[in-house]
Amino acid sequence: MVAPFQVVSDVTDCPSPDILSVSANKDMMFAAAFGNHIFRKNHEDKWSQADEGLPEGTVVNRLRVIDGSVYACTNKGLFYHDANMWYATEITIPCFQVVKNGAFFAAATEYGIWYKIGMRWENIAYRNIAVYDLLLTPQYYLLGTQQGISLYDLYTDSGFDFPLGDAVTSLAVVQGRLLGASLQGKLVQGNQKGGFTLCGFEGITLYSLKATKTGVYVCSSQGLYRIQMLGSRVILQAMLSGYPVTDMCCAGDYMYISTLNSGLKKVAL
C-alpha cells in the first residue's frame, strides 16, 4: 500500500479558494476558478488573470496539457492557449474532455465525438449524445456518455452501448479493468458478465478519476483517494482528506491538487 501524503503545502496566493480544475506544463500553471475566470502562474511564481480570448460567460469544464500545450474544455467550446491568449478551435459547442494518444486526437462534447484531422476538428460519431469522457486505443474509443458507457469502433464506424441509468463523466483503467465515475457520484465497474454496475461509497461522492504515472486517483467530496485493487474489489485509500478535491495534475516532481474552499495544494512526489 502507498502511504498517504504526509507533507502538503498550500499554494496560498492563488486568487480564488475555489478551484474547479488545475493543469500545468514546464513553464506555467493554469487554475480555473468556479465562475468564469482562469488564472495563470508563471515561472516567477506570480498569478495573473488569463481570460483574454475567451467569450463572455465562458465556464471551464476541464483544463488539459497535451504535448506542452494548454487546452480549455468549456461551455463555449474547445480553446488552446498560445502567446498569452486563448484561441478557438472548430469545436464551438460545450466540450468536456480532450485526449491524445499517439496520432489519435479526440474531444468529447455535448454532441458526440470530434476527431482532429490535419489541422481541423470534425464531428465523427454519437452526434446526438453528450459524451463526457473518452479513452483512446488505435481501433476503439471507450466513452462515458449521458446514458452510461459506450464502445466506438473507429474502423467500422459502429458502436455498442451499455446503458446504466446514470451518466458516466470520467473513465480510467486500473490493472486492465475499466472504471468510471457517474454523475451521481458513484463508481462504475465491470460486473465480469459483459456489463457494468454502479456502486457507492458511504459518505463519499466521486467527482472524477485521474490517471497518473503513480496510479489512478479519485477526486471526491471527502478528499483525494488512490485506487487499490483487491482481486475484483475496489479499495479507496485516503491520500488527502479534510476538504472536497475537484482535480489534480502532476508536473515534474510535484502534484497539484485543486479544492473547494482551500485553494491549491502542492505535494512532493
# chains A, B, ... in the order shown; residues from 1 in each chain; ligands from 1
$ closest_atom_pairs --of "region 130-150 of chain A" --to "region 197-209 of chain A" --cutoff "12 Å" --atoms "only C-alpha atoms" --output "tab-separated table"
residue	atom	partner	partner_atom	distance
A:Tyr132	CA	A:Ser208	CA	11.0
A:Asp133	CA	A:Ser208	CA	10.1
A:Leu134	CA	A:Leu209	CA	11.9
A:Gly144	CA	A:Ser208	CA	11.5
A:Gly148	CA	A:Thr197	CA	10.0
A:Ile149	CA	A:Thr197	CA	10.6
$ select_by_dssp --residues "region 150-202 of chain A" --states "strand (DSSP E or B)" --output "ChimeraX atom specification"
/A:150-153,158-163,168-174,177-182,187-190,196-199,201
$ residues_around --residues "Ala251 (chain A)" --least-positions-apart "6" --cutoff "9 Å" --atoms "only C-alpha atoms" --output "compact mmCIF listing (two decimals) with N, CA and C atoms, in the first residue's frame"
# COMPACT_ATOMS: atom_id res chain seq x y z
N SER A 23 -4.09 22.57 -14.19
CA SER A 23 -3.21 21.90 -15.14
C SER A 23 -1.92 22.69 -15.25
N ALA A 24 -0.83 22.00 -15.58
CA ALA A 24 0.47 22.67 -15.60
C ALA A 24 1.37 22.05 -16.66
N ASN A 25 2.21 22.88 -17.24
CA ASN A 25 3.31 22.40 -18.07
C ASN A 25 4.62 22.87 -17.44
N LYS A 26 5.72 22.75 -18.15
CA LYS A 26 7.02 23.07 -17.56
C LYS A 26 7.19 24.56 -17.29
$ residues_around --residues "region 111-113 of chain A" --least-positions-apart "5" --cutoff "9 Å" --atoms "only C-alpha atoms" --output "list in words"
Ile93, Pro94, Cys95, Ala106, Glu122, Asn123, Ile124, Ala125, Tyr126, Arg127, Asn128, Ile129, Ala130, Val131, Tyr132, Leu134 and Thr145 of chain A
$ closest_residue --among "A:Cys14, A:Leu264, A:Met229, A:Met85" --to "Tyr243 (chain A)" --atoms "only C-alpha atoms"
A:Leu264
$ atom_distance --atom1 "CA of Phe160 (chain A)" --atom2 "CA of Phe105 (chain A)"
21.0 Å
$ residues_around --residues "Lys265 (chain A)" --least-positions-apart "2" --cutoff "12 Å" --atoms "only C-alpha atoms" --output "ChimeraX atom specification"
/A:5,7-14,17-19,22,31,223-224,240-241,243-250,254-263,267-268
$ write_last_selection --atoms "C-alpha atoms" --output "JSON list (two decimals), in the first residue's frame"
[["chain", "number", "residue", "atom", "x", "y", "z"],
["A", 5, "PHE", "CA", 0.58, 12.13, 1.64],
["A", 7, "VAL", "CA", 3.86, 16.75, 3.56],
["A", 8, "VAL", "CA", 1.33, 19.03, 1.92],
["A", 9, "SER", "CA", 1.94, 22.71, 1.28],
["A", 10, "ASP", "CA", -0.55, 25.41, 0.35],
["A", 11, "VAL", "CA", -0.30, 27.39, -2.84],
["A", 12, "THR", "CA", -1.99, 30.12, -0.86],
["A", 13, "ASP", "CA", -1.53, 33.03, -3.23],
["A", 14, "CYS", "CA", -3.99, 31.68, -5.79],
["A", 17, "PRO", "CA", -10.02, 29.49, -2.94],
["A", 18, "ASP", "CA", -12.50, 27.54, -5.07],
["A", 19, "ILE", "CA", -10.72, 25.83, -7.96],
["A", 22, "VAL", "CA", -5.80, 22.69, -12.50],
["A", 31, "ALA", "CA", -6.24, 27.17, -12.50],
["A", 223, "GLY", "CA", -10.64, 14.35, -0.38],
["A", 224, "LEU", "CA", -8.22, 12.56, -2.68],
["A", 240, "LEU", "CA", -5.51, 13.62, 1.39],
["A", 241, "SER", "CA", -8.63, 14.43, 3.40],
["A", 243, "TYR", "CA", -11.88, 19.15, 2.03],
["A", 244, "PRO", "CA", -13.51, 18.44, -1.35],
["A", 245, "VAL", "CA", -10.94, 17.76, -4.09],
["A", 246, "THR", "CA", -12.05, 18.72, -7.59],
["A", 247, "ASP", "CA", -9.00, 17.98, -9.74],
["A", 248, "MET", "CA", -5.29, 17.19, -9.70],
["A", 249, "CYS", "CA", -2.31, 17.08, -12.04],
["A", 250, "CYS", "CA", 1.36, 16.10, -11.93],
["A", 254, "TYR", "CA", 5.07, 17.73, -7.75],
["A", 255, "MET", "CA", 1.37, 17.01, -7.67],
["A", 256, "TYR", "CA", -1.03, 19.96, -7.62],
["A", 257, "ILE", "CA", -4.47, 19.42, -6.12],
["A", 258, "SER", "CA", -7.42, 21.78, -6.54],
["A", 259, "THR", "CA", -10.04, 22.06, -3.81],
["A", 260, "LEU", "CA", -13.18, 23.84, -2.76],
["A", 261, "ASN", "CA", -12.66, 26.49, -0.07],
["A", 262, "SER", "CA", -8.97, 25.61, 0.41],
["A", 263, "GLY", "CA", -7.36, 26.71, -2.88],
["A", 267, "VAL", "CA", 2.62, 17.58, -2.79],
["A", 268, "ALA", "CA", 6.20, 16.49, -3.47]]
$ atom_distance --atom1 "CA of Gln49 (chain A)" --atom2 "CA of Ala88 (chain A)"
18.2 Å
$ closest_residue --among "A:Phe96, A:Tyr217, A:Leu20, A:Glu52" --to "Ala72 (chain A)" --atoms "only C-alpha atoms"
A:Phe96
$ residues_around --residues "Gln146 (chain A)" --least-positions-apart "5" --cutoff "10 Å" --atoms "only C-alpha atoms" --output "PyMOL selection string"
chain A and resi 110+129-132+163-169+182-183
$ write_last_selection --atoms "C-alpha atoms" --output "PDB file, in the first residue's frame"
ATOM      1  CA  GLU A 110     -22.351  17.671 -25.854  1.00  0.00           C
ATOM      2  CA  ILE A 129     -25.457  12.117 -27.441  1.00  0.00           C
ATOM      3  CA  ALA A 130     -23.432  14.015 -24.843  1.00  0.00           C
ATOM      4  CA  VAL A 131     -20.005  12.416 -24.336  1.00  0.00           C
ATOM      5  CA  TYR A 132     -18.247  13.457 -21.129  1.00  0.00           C
ATOM      6  CA  PRO A 163     -26.963   1.870 -20.566  1.00  0.00           C
ATOM      7  CA  LEU A 164     -26.639   2.393 -16.795  1.00  0.00           C
ATOM      8  CA  GLY A 165     -29.429   4.801 -15.918  1.00  0.00           C
ATOM      9  CA  ASP A 166     -26.787   7.388 -14.979  1.00  0.00           C
ATOM     10  CA  ALA A 167     -24.318   9.465 -16.958  1.00  0.00           C
ATOM     11  CA  VAL A 168     -20.635   8.490 -16.756  1.00  0.00           C
ATOM     12  CA  THR A 169     -18.445  11.583 -16.555  1.00  0.00           C
ATOM     13  CA  SER A 182     -21.011   8.617 -12.547  1.00  0.00           C
ATOM     14  CA  LEU A 183     -22.880  11.899 -12.465  1.00  0.00           C
TER      15      LEU A 183
END
$ residues_around --residues "Phe104 (chain A)" --least-positions-apart "2" --cutoff "8 Å" --atoms "only C-alpha atoms" --output "MDAnalysis selection string"
chainID A and resid 100:102 106 115:116 136 138
$ closest_residue --among "A:Glu90, A:Glu44, A:Asp253, A:Asp161" --to "Met119 (chain A)" --atoms "only C-alpha atoms"
A:Glu90
$ decode --residues "region 216-231 of chain A" --atoms "all heavy atoms" --output "CSV table (one decimal), in the first residue's frame"
chain,number,residue,atom,x,y,z
A,216,VAL,N,-4.0,5.6,-10.2
A,216,VAL,CA,-5.3,6.2,-10.6
A,216,VAL,C,-5.8,6.8,-9.3
A,216,VAL,O,-6.0,6.1,-8.3
A,216,VAL,CB,-6.2,5.3,-11.2
A,216,VAL,CG1,-7.6,5.9,-11.4
A,216,VAL,CG2,-5.7,4.8,-12.6
A,217,TYR,N,-6.2,8.0,-9.3
A,217,TYR,CA,-6.7,8.7,-8.1
A,217,TYR,C,-8.2,9.1,-8.3
A,217,TYR,O,-8.6,9.3,-9.4
A,217,TYR,CB,-5.9,10.0,-7.8
A,217,TYR,CG,-4.5,9.7,-7.4
A,217,TYR,CD1,-3.5,9.5,-8.4
A,217,TYR,CD2,-4.1,9.6,-6.1
A,217,TYR,CE1,-2.2,9.2,-8.0
A,217,TYR,CE2,-2.8,9.3,-5.7
A,217,TYR,CZ,-1.8,9.1,-6.7
A,217,TYR,OH,-0.5,8.8,-6.3
A,218,VAL,N,-8.9,9.2,-7.2
A,218,VAL,CA,-10.3,9.6,-7.2
A,218,VAL,C,-10.4,11.0,-6.5
A,218,VAL,O,-10.0,11.2,-5.3
A,218,VAL,CB,-11.1,8.6,-6.4
A,218,VAL,CG1,-12.6,9.1,-6.3
A,218,VAL,CG2,-11.1,7.3,-7.1
A,219,CYS,N,-10.9,12.0,-7.2
A,219,CYS,CA,-11.2,13.3,-6.6
A,219,CYS,C,-12.7,13.2,-6.1
A,219,CYS,O,-13.6,12.7,-6.8
A,219,CYS,CB,-11.1,14.4,-7.7
A,219,CYS,SG,-9.5,14.6,-8.5
A,220,SER,N,-12.9,13.6,-4.8
A,220,SER,CA,-14.2,13.3,-4.2
A,220,SER,C,-14.5,14.4,-3.2
A,220,SER,O,-13.7,15.3,-2.9
A,220,SER,CB,-14.1,12.0,-3.5
A,220,SER,OG,-13.5,12.1,-2.2
A,221,SER,N,-15.7,14.3,-2.7
A,221,SER,CA,-16.3,15.3,-1.7
A,221,SER,C,-15.5,15.2,-0.4
A,221,SER,O,-15.6,16.1,0.4
A,221,SER,CB,-17.8,15.0,-1.5
A,221,SER,OG,-17.9,13.7,-1.0
A,222,GLN,N,-14.8,14.1,-0.2
A,222,GLN,CA,-14.1,13.9,1.1
A,222,GLN,C,-12.6,14.0,1.0
A,222,GLN,O,-11.9,13.8,2.0
A,222,GLN,CB,-14.5,12.6,1.7
A,222,GLN,CG,-16.0,12.5,2.0
A,222,GLN,CD,-16.5,13.5,3.0
A,222,GLN,OE1,-15.8,13.8,4.0
A,222,GLN,NE2,-17.6,14.2,2.7
A,223,GLY,N,-12.1,14.3,-0.2
A,223,GLY,CA,-10.6,14.3,-0.4
A,223,GLY,C,-10.2,13.6,-1.6
A,223,GLY,O,-10.9,13.3,-2.5
A,224,LEU,N,-8.9,13.3,-1.6
A,224,LEU,CA,-8.2,12.6,-2.7
A,224,LEU,C,-7.9,11.1,-2.2
A,224,LEU,O,-7.3,10.9,-1.2
A,224,LEU,CB,-6.9,13.3,-3.1
A,224,LEU,CG,-6.2,12.7,-4.3
A,224,LEU,CD1,-7.0,13.0,-5.6
A,224,LEU,CD2,-4.8,13.3,-4.4
A,225,TYR,N,-8.3,10.2,-3.1
A,225,TYR,CA,-8.1,8.8,-2.8
A,225,TYR,C,-7.3,8.1,-3.9
A,225,TYR,O,-7.4,8.6,-5.1
A,225,TYR,CB,-9.4,8.0,-2.6
A,225,TYR,CG,-10.2,8.4,-1.4
A,225,TYR,CD1,-11.0,9.6,-1.5
A,225,TYR,CD2,-10.2,7.7,-0.3
A,225,TYR,CE1,-11.8,10.0,-0.4
A,225,TYR,CE2,-11.0,8.1,0.8
A,225,TYR,CZ,-11.7,9.3,0.7
A,225,TYR,OH,-12.5,9.7,1.8
A,226,ARG,N,-6.6,7.1,-3.6
A,226,ARG,CA,-5.9,6.3,-4.6
A,226,ARG,C,-6.5,4.9,-4.7
A,226,ARG,O,-6.9,4.3,-3.7
A,226,ARG,CB,-4.4,6.1,-4.2
A,226,ARG,CG,-3.5,5.5,-5.3
A,226,ARG,CD,-2.1,5.4,-4.9
A,226,ARG,NE,-1.2,5.0,-6.0
A,226,ARG,CZ,-0.8,3.8,-6.2
A,226,ARG,NH1,-1.3,2.8,-5.4
A,226,ARG,NH2,0.0,3.5,-7.2
A,227,ILE,N,-6.8,4.5,-5.9
A,227,ILE,CA,-7.5,3.2,-6.1
A,227,ILE,C,-6.5,2.1,-6.0
A,227,ILE,O,-5.5,2.0,-6.6
A,227,ILE,CB,-8.2,3.2,-7.5
A,227,ILE,CG1,-9.3,4.1,-7.6
A,227,ILE,CG2,-8.6,1.8,-7.8
A,227,ILE,CD1,-10.1,4.2,-8.9
A,228,GLN,N,-6.9,1.1,-5.1
A,228,GLN,CA,-6.2,-0.2,-5.0
A,228,GLN,C,-7.2,-1.3,-5.3
A,228,GLN,O,-8.4,-1.2,-5.0
A,228,GLN,CB,-5.7,-0.3,-3.5
A,228,GLN,CG,-4.9,0.8,-3.0
A,228,GLN,CD,-3.4,0.6,-3.5
A,228,GLN,OE1,-3.1,-0.3,-4.1
A,228,GLN,NE2,-2.6,1.6,-3.2
A,229,MET,N,-6.7,-2.3,-6.0
A,229,MET,CA,-7.5,-3.5,-6.3
A,229,MET,C,-7.2,-4.7,-5.4
A,229,MET,O,-6.0,-5.0,-5.2
A,229,MET,CB,-7.3,-3.9,-7.8
A,229,MET,CG,-7.6,-2.8,-8.8
A,229,MET,SD,-9.4,-2.4,-8.8
A,229,MET,CE,-10.2,-3.9,-9.1
A,230,LEU,N,-8.2,-5.2,-4.8
A,230,LEU,CA,-8.1,-6.5,-4.0
A,230,LEU,C,-8.9,-7.5,-4.7
A,230,LEU,O,-10.1,-7.7,-4.5
A,230,LEU,CB,-8.6,-6.2,-2.6
A,230,LEU,CG,-8.4,-7.4,-1.6
A,230,LEU,CD1,-6.9,-7.8,-1.5
A,230,LEU,CD2,-9.0,-7.1,-0.3
A,231,GLY,N,-8.2,-8.3,-5.6
A,231,GLY,CA,-8.9,-9.1,-6.5
A,231,GLY,C,-9.8,-8.3,-7.4
A,231,GLY,O,-9.3,-7.4,-8.2
